[in-house]
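Let me begin by presenting the structure, written as structure tokens, before commenting on it.
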Amino acid sequence: MNTSKYFFQAFAVTVLAAVSFIGFKSVLPKKIFSETTTSSKNVVVDSLLLDAINDTDELVTNDTIANEKIRFTKVDGIQFPTETFEDFKGFQYLIPFFEKLVQLETEQKGKVRIAYFGDSMTDGDMIVQDFRTLFQQKFGGKGVGFVNITSESAASRSSLVHEFSPNWKTQSYLKIKSPSHPFGVNGHVFYANDTTSSAWVKFKANKIRFATELNRPTLFFGRSNNKEGKINAVIGTDTISKKLNPNQKLNVLKIVDANPVAMKVYFKEADSIPIYGFNFDDGKGVHVDNFSSRGNSGLPLSTFNVDLMQDFQEQLGYDLIILHYGTNVLNYGSLNYSWYEKRMKKTVEHLKTCFPGVTILVVSTADKATKYDLEMKTDSAVVPLTTAQKRYAIASESGFVNLYTLMGGDGSMIQWVEETPAKANKDYTHFNFRGAKEVANMLYNQINEGYEQYKMLRSKRKINPKVTAKKDSVSFTKDSLHEE
């Protein structure tokens, strides 16, 4: 056998393969694959996002905005300093919220409520539970707030033990555009439709600070022609039976005046009655509701029924709505996010109609890493999306938190994943509990920074009227986002 012949043939093939790879490498896509495969249950995409992406008429080119100046109009004697676009935080737009905190802190008057809307980043009360604790530590308040009937992240939630029977029917604003009954403030509506066995839900308080009890458990449900429904609430050795009277668009039923540690509620003959969820709070201090939905872009909030949301606002009284989205908006073939900017501005306008007097705070997408040329780098869509989110925050007169820069900017997610101990997961997208706690601190610290500035400006103003939810105005320099 001529071994040298086969050796040279093999060598030639190897050289040819290497040259071919180098040649093809230049035309192969730089983004090949991510470090790990994310579970599909975390990447559900809402239908409104898909519609918006396919609407090419909304793709426009934004002009340069790096040097814009945002000047605020004095409101009730208070005016925050002019800001650049690059460093925009928009504390001026949070004045009504800050004033409520002042009244709470100095005179122990009133209460403050925050609705924290997010995607899989806040799954299992991640980020929100620590954010809630920080506020309750300073301003008082007990309880985890509003909780769904069912939740895909219930098993991973540490701020509350949450279990439920498998026979609940669920409708979500991520998947259904025209529900049989309006979605609740959580974007869901639940039905106990199984007539052969009672649907049930169980809650048990955990040993988490300020949430060691189920404070004033209260059920929220909607209108129905079914007048036979009732609940049996098992608390310790007692069973409390109450009739469901679904006569109004929104109905509120207090389960018990006490603060039990655990509770299991059975729904009897309650089919066709829209059930929204339970609320747990002590009616004092600050309360933060976590409304997380995997796959949510934020756009489904535009489908809220105005009348029903105004009823929720009358019952719960939100002072601040936080919009924390972005994970599900990245990577759709274009770095032009003007379509998202435009639609989210309309969404914020809709929310202000749904919840009169509320202020809005936009939290940008976090950093995310993707593999380019076999190397993990910040995804190319992160900065364009963050810019679009800041633009719609300014245009809709909302506050803004740039989570990407707070994390450390370019390459920060890689560092969070690879440092010891790690603060993010190997998907280079989601935080672990350690990282979520740090993010909560970042968000709280920026809000508190604005609050402390507000108190200083408030003490120096010449007039001292009661601050109202009066709408601000904003002016820009030439070539700005919009004119006065």
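Identifiers for the structure tokens are assigned positionally: chains receive A, B, ... in sequence, residues are indexed from 1 per chain, and ligands are indexed from 1 in the order shown.
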Quiz item: What lies within 10 Å of stretch 299-309 of chain A using only C-alpha atoms, ignoring chain neighbours under 4 positions off, as a PyMOL selection string?
Solution: chain A and resi 46-49+52+117+172-178+181-187+222+248-250+313-315+323+325+340+343-356
Practice problem: Could you give me the residues within stretch 238-413 of chain A that DSSP places in strand (DSSP E or B), as a ChimeraX atom specification? | Solution: /A:238-243,250-254,262-268,275-280,285-292,320-324,359-363,369-372,375-378,399-401
Keeping C-alpha atoms, export the residues of the selection given above as a compact mmCIF listing (two decimals), in the first residue's frame.
```
# COMPACT_ATOMS: atom_id res chain seq x y z
CA ASP A 238 -62.80 27.37 59.68
CA THR A 239 -64.68 27.45 56.38
CA ILE A 240 -66.17 30.76 55.30
CA SER A 241 -68.91 30.63 52.65
CA LYS A 242 -69.79 33.71 50.64
CA LYS A 243 -72.04 34.31 47.67
CA LEU A 250 -66.02 45.05 38.70
CA ASN A 251 -67.05 43.42 41.98
CA VAL A 252 -65.01 43.33 45.18
CA LEU A 253 -65.48 40.75 47.93
CA LYS A 254 -63.55 40.84 51.20
CA ALA A 262 -52.77 30.55 54.61
CA MET A 263 -56.03 30.24 52.73
CA LYS A 264 -57.61 27.84 50.23
CA VAL A 265 -60.63 29.04 48.25
CA TYR A 266 -63.03 26.75 46.40
CA PHE A 267 -65.27 28.18 43.65
CA LYS A 268 -68.71 26.53 43.52
CA ILE A 275 -62.50 35.99 38.02
CA TYR A 276 -59.56 38.42 38.07
CA GLY A 277 -57.55 37.65 41.19
CA PHE A 278 -56.91 38.33 44.87
CA ASN A 279 -55.37 41.33 46.56
CA PHE A 280 -53.36 41.24 49.78
CA GLY A 285 -47.88 52.71 53.16
CA VAL A 286 -46.75 51.53 49.71
CA HIS A 287 -48.02 48.54 47.76
CA VAL A 288 -46.53 47.19 44.55
CA ASP A 289 -48.41 44.82 42.25
CA ASN A 290 -46.40 42.59 39.93
CA PHE A 291 -48.15 42.11 36.58
CA SER A 292 -45.62 40.00 34.69
CA LEU A 320 -47.30 55.08 39.38
CA ILE A 321 -47.21 52.59 36.51
CA ILE A 322 -43.85 51.06 35.65
CA LEU A 323 -43.38 49.64 32.15
CA HIS A 324 -40.43 47.22 32.08
CA THR A 359 -47.68 58.84 36.33
CA ILE A 360 -45.60 56.56 34.10
CA LEU A 361 -42.02 55.31 34.43
CA VAL A 362 -40.40 53.48 31.52
CA VAL A 363 -37.58 51.01 32.28
CA ALA A 369 -25.39 39.17 24.90
CA THR A 370 -25.41 37.22 21.63
CA LYS A 371 -22.70 35.19 19.88
CA TYR A 372 -20.94 36.95 16.99
CA GLU A 375 -17.60 35.52 20.70
CA MET A 376 -20.27 36.75 23.09
CA LYS A 377 -20.99 40.47 22.66
CA THR A 378 -23.78 42.92 23.48
CA GLY A 399 -39.93 59.13 33.57
CA PHE A 400 -37.15 56.89 32.27
CA VAL A 401 -34.63 54.42 33.72
```
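Relative to atom CA of A:Ser159, atom CA of A:Asp123 is found at 11.7 Å.
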Self-check item: Spatial neighbours of stretch 416-425 of chain A, max dist 12 Å, only C-alpha atoms, sep filter under 4 positions, as a list of chain:residue names
Solution: A:Glu35, A:Thr36, A:Thr37, A:Thr38, A:Met121, A:Ala366, A:Asp367, A:Lys368, A:Ala369, A:Met376, A:Met407, A:Gly408, A:Gly409, A:Asp410, A:Gly411, A:Ser412, A:Thr429, A:His430, A:Phe431, A:Asn432, A:Phe433, A:Arg434, A:Gly435, A:Ala436, A:Lys437, A:Glu438, A:Val439
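Shortest atom-to-atom contact with A:Thr405 among A:Phe220, A:Phe88, A:Leu316, A:Lys69: A:Phe88, counting only C-alpha atoms.
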Exercise. Find the spatial neighbours of stretch 270-274 of chain A, counting only C-alpha atoms, within a cut-off of 6 Å - ignore same-chain residues fewer than 3 positions away - and output them as an NGL selection string.
Key: :A and (189-193 or 221-222 or 224 or 229 or 267)
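For A:Lys207, the set of protein, DNA and RNA residues having any atom at most 10 Å away, when counting only C-alpha atoms and skipping those fewer than 3 positions along the same chain, is A:Ser158, A:Ser159, A:Leu160, A:Lys204, A:Phe210, A:Ala211, A:Thr212, A:Glu213.
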